[in-house]
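Chemist: data.pdb is the file, holding PDB, C-alpha atoms:
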ATOM      1  CA  ARG A   1      -7.757 -23.241   9.573
ATOM      2  CA  GLU A   2      -7.675 -25.374   6.387
ATOM      3  CA  GLN A   3      -7.264 -28.562   8.438
ATOM      4  CA  ALA A   4      -9.833 -27.779  11.120
ATOM      5  CA  PRO A   5     -12.989 -29.927  11.285
ATOM      6  CA  ALA A   6     -16.083 -28.050  10.124
ATOM      7  CA  ALA A   7     -17.587 -28.178  13.613
ATOM      8  CA  GLN A   8     -14.554 -26.366  15.036
ATOM      9  CA  LEU A   9     -14.039 -23.829  12.252
ATOM     10  CA  HIS A  10     -15.683 -20.883  14.037
ATOM     11  CA  GLU A  11     -13.598 -21.497  17.161
ATOM     12  CA  VAL A  12     -10.413 -21.782  15.095
ATOM     13  CA  ILE A  13     -11.185 -18.490  13.323
ATOM     14  CA  ARG A  14     -11.879 -16.804  16.673
ATOM     15  CA  THR A  15      -8.570 -18.068  18.078
ATOM     16  CA  GLU A  16      -6.740 -16.958  14.945
ATOM     17  CA  ARG A  17      -8.193 -13.459  15.111
ATOM     18  CA  SER A  18      -7.352 -13.205  18.813
ATOM     19  CA  ALA A  19      -3.741 -14.173  18.104
ATOM     20  CA  LEU A  20      -3.509 -11.618  15.282
ATOM     21  CA  ALA A  21      -4.940  -8.915  17.547
ATOM     22  CA  THR A  22      -2.343  -9.744  20.216
ATOM     23  CA  LEU A  23       0.426  -9.588  17.637
ATOM     24  CA  SER A  24      -0.873  -6.253  16.342
ATOM     25  CA  ASP A  25      -0.875  -4.846  19.884
ATOM     26  CA  LEU A  26       2.728  -5.949  20.395
ATOM     27  CA  ILE A  27       3.844  -4.263  17.186
ATOM     28  CA  ARG A  28       1.822  -1.100  17.797
ATOM     29  CA  ASP A  29       2.825  -0.613  21.431
ATOM     30  CA  LYS A  30       6.456  -1.806  21.462
ATOM     31  CA  PRO A  31       8.937   0.370  19.537
ATOM     32  CA  GLU A  32      11.616  -2.286  19.851
ATOM     33  CA  HIS A  33       9.359  -4.780  18.052
ATOM     34  CA  GLN A  34       8.571  -2.219  15.368
ATOM     35  CA  ARG A  35      12.254  -1.569  14.733
ATOM     36  CA  PHE A  36      13.139  -5.281  14.681
ATOM     37  CA  ILE A  37      10.455  -6.137  12.099
ATOM     38  CA  TRP A  38      11.194  -3.025  10.039
ATOM     39  CA  ASN A  39      14.882  -3.998   9.868
ATOM     40  CA  ARG A  40      13.893  -7.506   8.838
ATOM     41  CA  VAL A  41      11.648  -6.158   6.059
ATOM     42  CA  GLN A  42      14.562  -4.054   4.812
ATOM     43  CA  GLU A  43      16.821  -7.107   4.712
ATOM     44  CA  LEU A  44      14.240  -9.044   2.719
ATOM     45  CA  MET A  45      13.690  -6.212   0.255
ATOM     46  CA  LYS A  46      17.420  -5.970  -0.421
ATOM     47  CA  ARG A  47      17.543  -9.746  -0.890
ATOM     48  CA  TYR A  48      14.818  -9.381  -3.547
ATOM     49  CA  GLY A  49      17.030  -6.884  -5.371
ATOM     50  CA  TYR A  50      15.419  -3.594  -4.344
ATOM     51  CA  SER A  51      17.420  -0.555  -3.255
ATOM     52  CA  GLU A  52      16.833   2.979  -2.028
ATOM     53  CA  GLU A  53      17.342   4.195  -5.595
ATOM     54  CA  SER A  54      14.466   2.061  -6.907
ATOM     55  CA  VAL A  55      11.752   3.388  -4.578
ATOM     56  CA  LEU A  56      10.518   6.241  -6.771
ATOM     57  CA  LEU A  57      10.474   3.987  -9.833
ATOM     58  CA  GLU A  58       8.352   1.409  -8.008
ATOM     59  CA  LEU A  59       5.884   4.058  -6.850
ATOM     60  CA  ALA A  60       5.747   5.555 -10.353
ATOM     61  CA  GLN A  61       4.899   2.095 -11.733
ATOM     62  CA  ASN A  62       2.174   1.726  -9.109
ATOM     63  CA  ALA A  63       0.754   5.131 -10.063
ATOM     64  CA  ASP A  64       0.817   4.206 -13.757
ATOM     65  CA  ASP A  65      -1.085   1.011 -12.950
ATOM     66  CA  ALA A  66      -3.697   2.933 -10.980
ATOM     67  CA  LEU A  67      -4.190   5.363 -13.872
ATOM     68  CA  SER A  68      -4.516   2.490 -16.365
ATOM     69  CA  GLN A  69      -7.133   0.896 -14.129
ATOM     70  CA  SER A  70      -9.057   4.167 -13.954
ATOM     71  CA  VAL A  71      -9.126   4.193 -17.749
ATOM     72  CA  GLU A  72     -10.577   0.669 -17.694
ATOM     73  CA  ILE A  73     -13.248   1.668 -15.200
ATOM     74  CA  ALA A  74     -14.198   4.839 -17.076
ATOM     75  CA  GLY A  75     -14.048   3.193 -20.494
ATOM     76  CA  ARG A  76     -12.380   6.248 -21.995
ATOM     77  CA  PRO A  77      -9.097   8.201 -21.781
ATOM     78  CA  LEU A  78      -8.498  10.348 -18.709
ATOM     79  CA  PRO A  79      -8.211  14.153 -18.879
ATOM     80  CA  ASN A  80      -4.638  15.427 -19.094
ATOM     81  CA  ASP A  81      -4.692  17.053 -15.655
ATOM     82  CA  VAL A  82      -5.655  13.684 -14.120
ATOM     83  CA  ARG A  83      -2.880  11.825 -15.930
ATOM     84  CA  ARG A  84      -0.037  13.198 -13.870
ATOM     85  CA  LEU A  85       2.344  12.199 -11.122
ATOM     86  CA  VAL A  86       3.389  14.784  -8.560
ATOM     87  CA  VAL A  87       6.608  14.387  -6.552
ATOM     88  CA  ARG A  88       7.098  16.973  -3.821
ATOM     89  CA  ILE A  89      10.077  17.271  -1.464
ATOM     90  CA  ALA A  90       9.599  19.101   1.842
ATOM     91  CA  PRO A  91      12.621  19.646   4.117
ATOM     92  CA  HIS A  92      11.914  19.920   7.858
ATOM     93  CA  SER A  93      14.077  20.633  10.875
ATOM     94  CA  GLU A  94      14.467  16.968  11.824
ATOM     95  CA  THR A  95      13.883  15.145   8.546
ATOM     96  CA  THR A  96      12.882  15.508   4.897
ATOM     97  CA  SER A  97       9.652  14.104   3.537
ATOM     98  CA  VAL A  98       8.788  13.120  -0.013
ATOM     99  CA  ASP A  99       5.172  13.122  -1.248
ATOM    100  CA  ILE A 100       4.129  11.088  -4.287
ATOM    101  CA  ILE A 101       0.628  12.000  -5.525
ATOM    102  CA  HIS A 102      -1.474  10.585  -8.335
ATOM    103  CA  TYR A 103      -5.164  10.511  -9.327
ATOM    104  CA  GLY A 104      -5.575   6.928 -10.484
ATOM    105  CA  ARG A 105      -7.772   4.256  -8.936
ATOM    106  CA  PRO A 106      -7.702   4.619  -5.125
ATOM    107  CA  ILE A 107      -6.670   1.779  -2.846
ATOM    108  CA  ASN A 108      -9.374  -0.902  -2.391
ATOM    109  CA  ASP A 109     -11.650   0.768  -4.973
ATOM    110  CA  THR A 110     -13.117  -1.956  -7.195
ATOM    111  CA  GLY A 111     -14.830   0.404  -9.613
ATOM    112  CA  GLY A 112     -18.294  -0.306  -8.239
ATOM    113  CA  ALA A 113     -21.120  -2.552  -9.403
ATOM    114  CA  ALA A 114     -20.740  -1.372 -12.997
ATOM    115  CA  PHE A 115     -17.214  -2.826 -13.116
ATOM    116  CA  PRO A 116     -17.374  -6.386 -11.662
ATOM    117  CA  SER A 117     -13.917  -7.206 -12.979
ATOM    118  CA  GLY A 118     -12.410  -5.084 -10.208
ATOM    119  CA  ARG A 119     -13.583  -7.421  -7.483
ATOM    120  CA  GLU A 120     -12.630 -10.456  -9.562
ATOM    121  CA  ARG A 121      -9.106  -9.057  -9.748
ATOM    122  CA  GLN A 122      -9.070  -8.576  -5.967
ATOM    123  CA  TRP A 123      -8.801  -4.792  -6.064
ATOM    124  CA  ASP A 124     -10.788  -4.721  -2.845
ATOM    125  CA  GLN A 125      -7.760  -6.361  -1.174
ATOM    126  CA  ASP A 126      -5.119  -3.792  -2.140
ATOM    127  CA  LEU A 127      -4.372  -2.892   1.468
ATOM    128  CA  TYR A 128      -4.038  -6.557   2.386
ATOM    129  CA  PHE A 129      -1.420  -7.085  -0.321
ATOM    130  CA  MET A 130       0.407  -3.900   0.660
ATOM    131  CA  MET A 131       1.193  -5.474   4.015
ATOM    132  CA  LEU A 132       2.466  -8.793   2.623
ATOM    133  CA  LEU A 133       5.745  -9.812   1.048
ATOM    134  CA  ASN A 134       6.032 -11.426  -2.391
ATOM    135  CA  LEU A 135       2.307 -11.377  -3.187
ATOM    136  CA  SER A 136       0.392  -9.796  -6.044
ATOM    137  CA  GLY A 137      -3.326  -9.576  -6.621
ATOM    138  CA  LYS A 138      -3.358 -12.018  -9.525
ATOM    139  CA  PRO A 139      -0.817 -14.180 -11.344
ATOM    140  CA  GLY A 140       0.751 -12.137 -14.119
ATOM    141  CA  GLU A 141       0.359  -8.822 -12.292
ATOM    142  CA  GLU A 142       4.058  -8.592 -11.439
ATOM    143  CA  SER A 143       6.124  -5.426 -11.706
ATOM    144  CA  GLY A 144       7.104  -4.574 -15.256
ATOM    145  CA  GLN A 145       4.388  -6.654 -16.932
ATOM    146  CA  GLY A 146       1.738  -3.972 -17.178
ATOM    147  CA  THR A 147      -0.962  -4.078 -19.807
ATOM    148  CA  ALA A 148      -4.478  -2.682 -19.915
ATOM    149  CA  ALA A 149      -5.858  -5.996 -18.647
ATOM    150  CA  SER A 150      -2.946  -7.072 -16.418
ATOM    151  CA  THR A 151      -1.090  -4.250 -14.711
ATOM    152  CA  THR A 152       1.925  -4.498 -12.448
ATOM    153  CA  GLY A 153       0.211  -5.811  -9.336
ATOM    154  CA  ARG A 154       0.168  -2.432  -7.639
ATOM    155  CA  PHE A 155       0.965  -2.636  -3.945
ATOM    156  CA  GLY A 156       2.584  -6.025  -4.350
ATOM    157  CA  LEU A 157       6.203  -6.572  -3.413
ATOM    158  CA  GLY A 158       7.494  -3.384  -5.063
ATOM    159  CA  PHE A 159       5.489  -1.088  -2.823
ATOM    160  CA  LYS A 160       7.295  -2.432   0.213
ATOM    161  CA  SER A 161      10.538  -0.897  -1.052
ATOM    162  CA  VAL A 162       9.313   2.294   0.661
ATOM    163  CA  HIS A 163      10.513   0.740   3.935
ATOM    164  CA  LEU A 164      14.080   1.067   2.675
ATOM    165  CA  VAL A 165      13.854   4.843   3.014
ATOM    166  CA  SER A 166      11.102   5.483   5.567
ATOM    167  CA  GLU A 167      10.413   3.891   8.935
ATOM    168  CA  ARG A 168       6.761   4.998   9.017
ATOM    169  CA  PRO A 169       5.254   5.764   5.602
ATOM    170  CA  SER A 170       1.782   7.264   5.516
ATOM    171  CA  VAL A 171      -0.855   6.915   2.822
ATOM    172  CA  VAL A 172      -4.023   8.804   1.941
ATOM    173  CA  SER A 173      -6.053   7.301  -0.882
ATOM    174  CA  GLY A 174      -9.654   8.208  -1.576
ATOM    175  CA  PHE A 175     -11.502   7.619   1.670
ATOM    176  CA  LEU A 176      -8.627   5.715   3.337
ATOM    177  CA  ALA A 177      -5.813   7.128   5.462
ATOM    178  CA  PHE A 178      -3.235   5.151   7.405
ATOM    179  CA  SER A 179       0.410   4.917   8.388
ATOM    180  CA  ILE A 180       2.473   1.726   8.377
ATOM    181  CA  THR A 181       4.512   0.738  11.409
ATOM    182  CA  GLY A 182       6.922  -2.158  11.669
ATOM    183  CA  GLY A 183       6.783  -2.575   7.903
ATOM    184  CA  LEU A 184       3.483  -4.469   8.024
ATOM    185  CA  LEU A 185       0.905  -3.004  10.428
ATOM    186  CA  PRO A 186      -1.478  -0.321   9.059
ATOM    187  CA  LEU A 187      -2.731   2.182  11.639
ATOM    188  CA  GLU A 188      -5.906   3.994  10.638
ATOM    189  CA  GLU A 189      -5.817   7.795  10.554
ATOM    190  CA  THR A 190      -8.293  10.567   9.782
ATOM    191  CA  VAL A 191      -8.428  11.590   6.133
ATOM    192  CA  PRO A 192      -6.984  15.122   6.092
ATOM    193  CA  GLY A 193      -8.694  17.934   4.228
ATOM    194  CA  GLU A 194      -5.535  19.318   2.662
ATOM    195  CA  SER A 195      -5.556  21.166  -0.636
ATOM    196  CA  ASP A 196      -3.271  18.713  -2.455
ATOM    197  CA  LEU A 197      -5.764  15.922  -1.744
ATOM    198  CA  GLN A 198      -8.734  17.553  -3.451
ATOM    199  CA  PRO A 199     -10.242  15.530  -6.332
ATOM    200  CA  VAL A 200      -9.336  16.508  -9.887
ATOM    201  CA  GLN A 201     -12.298  16.230 -12.277
ATOM    202  CA  GLY A 202     -13.902  13.685  -9.984
ATOM    203  CA  HIS A 203     -10.764  11.592  -9.496
ATOM    204  CA  ARG A 204      -9.679  11.262  -5.879
ATOM    205  CA  ALA A 205      -6.040  11.641  -4.948
ATOM    206  CA  THR A 206      -3.625   9.072  -3.589
ATOM    207  CA  ARG A 207      -0.696  10.485  -1.626
ATOM    208  CA  ILE A 208       2.186   8.422  -0.297
ATOM    209  CA  ARG A 209       4.277  10.401   2.184
ATOM    210  CA  LEU A 210       7.744   9.157   3.052
ATOM    211  CA  ALA A 211       9.474  10.737   6.031
ATOM    212  CA  LEU A 212      13.038   9.881   5.061
ATOM    213  CA  ARG A 213      15.425   8.094   7.394
ATOM    214  CA  GLY A 214      17.885  10.325   9.159
ATOM    215  CA  ASP A 215      20.883   8.477   7.734
TER     216      ASP A 215
END
Write out the structure in this file as structure tokens.
Modeler:
Amino acid sequence: REQAPAAQLHEVIRTERSALATLSDLIRDKPEHQRFIWNRVQELMKRYGYSEESVLLELAQNADDALSQSVEIAGRPLPNDVRRLVVRIAPHSETTSVDIIHYGRPINDTGGAAFPSGRERQWDQDLYFMMLLNLSGKPGEESGQGTAASTTGRFGLGFKSVHLVSERPSVVSGFLAFSITGGLLPLEETVPGESDLQPVQGHRATRIRLALRGD
């Protein structure tokens, strides 16, 4: 796209989108492709130094970032019952699932017109970065470098460690709901009306559900 003549740019973009749609269909409809890419994502995550034991820590860091960003947006400290992280384990007949719930800034929420810094920091592209490897929203927003102004790049590389323990994670965050197949393709779902997703003092919940691998 960067090298296309201006007169051909629209056609190049159309071709690019068509190719991406074809690729998405292949991943969505072919379990063997899903498993191949998922295994490849796992290999890459291990190469970057992540392990199954680090998944909860990464998600806790993401939740802490989201809470810090909510403080920035509100311009004041959050109530105590909003400043919490819930981890819930639910055994089932075929697998065990782990839910991680927090009430910080939801995915893709920029904070609205009253908080222009959110868009400048690319918060509206959270979901995009969740699907990519080795990318963060801004330079300096890497894991472990959190500050009020520069948090740990939530949903950067660290989030993808969830694929080490779950083949199809699902996420509900504010008005978004989706599962991730093949380690990189989000599939839109209906936002459920479950009790653990109800807002707390006006702060909408984010829930990451990990159906654990059978092994």
Chemist: For A:Ile27, find every residue with an atom within 10 Å (counting only C-alpha atoms), except residues of its own chain fewer than 6 positions away, and show them as a PyMOL selection string.
Modeler: chain A and resi 21+33-37+181-185
Chemist: Taking all atoms of stretch 195-199 of chain A that appear in the file, build a box with edges along x, y and z, extend it by 6 Å on every side, and state its centre and edge lengths in Å to one decimal, as AutoDock Vina command-line options.
Modeler:
--center_x -6.8 --center_y 18.3 --center_z -3.5 --size_x 19.0 --size_y 17.6 --size_z 17.7
Chemist: Quick one: everything within 12 Å of A:Gly49, counting all atoms listed in the file, minus sequence neighbours fewer than 4 positions away in the same chain. Send it as a list in words.
Modeler: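 Result of the neighbour search: Gln42, Glu43, Leu44, Met45, Glu53, Ser54, Val55, Leu157, Gly158, Ser161 and Leu164 of chain A.
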Chemist: Using only C-alpha atoms, which of A:Thr96, A:Gln125, A:Ser166, A:Ser51 sits nearest A:Ile180?
Modeler: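 Using only C-alpha atoms, the shortest distance to A:Ile180 belongs to A:Ser166.
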Chemist: Run the PyMOL selection byres ((chain A and resi 196) around 9) against the file shown and list the residues it catches, as a PyMOL selection string.
Modeler: chain A and resi 101+193-195+197-199+205+207
Chemist: Using atom CA of A:Gly174 and atom CA of A:Asp109 as the two end points, give the distance in Å to one decimal.
Modeler: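 Between these atoms lies a distance of 8.4 Å.
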Chemist: Quick one: of A:Thr95, A:Thr206, A:Asn62, A:Gln69, who's nearest to A:Phe115, counting only C-alpha atoms?
Modeler: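 Among A:Thr95, A:Thr206, A:Asn62, A:Gln69, it is A:Gln69 that comes nearest to A:Phe115.
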Chemist: What does the distance between atom CA of A:Pro106 and atom CA of A:Arg88 come to in Å, to one decimal place?
Modeler: 19.3 Å
Chemist: Find the distance between atom CA of A:Arg83 and atom CA of A:Ser117 and write it in Å to one decimal.
Modeler: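 Computed distance, atom CA of A:Arg83 to atom CA of A:Ser117, equals 22.2 Å.
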Chemist: Find the residues around A:Arg119 up to 10 Å (all atoms listed in the file counted), leave out those fewer than 6 positions away in its own chain, and share them as a PyMOL selection string.
Modeler: chain A and resi 108-113+125
Chemist: Report as a ChimeraX atom specification the residues that result from applying the PyMOL selection byres ((chain A and resi 82) around 9) to the structure here.
Modeler: /A:67,78-81,83-85,102-104,200-201,203
Chemist: At a cut-off of 9 Å around the point (-1.3, 5.4, 8.7) (file coordinates), what residues fall inside when counting all atoms listed in the file? I'd like the answer as a PyMOL selection string.
Modeler: chain A and resi 168-172+177-181+185-190
Chemist: My list of candidates is A:Val86, A:Met131, A:Leu9, A:Ala74. Which is closest to A:Ala60 when distances are computed with all atoms listed in the file?
Modeler: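 Counting all atoms listed in the file, the residue closest to A:Ala60 is A:Val86.
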Chemist: Run through the PyMOL selection byres ((chain A and resi 90) around 12) on the given coordinates and return the selected residues as number ranges by chain.
Modeler: A: 87-89, 91-100, 209-212
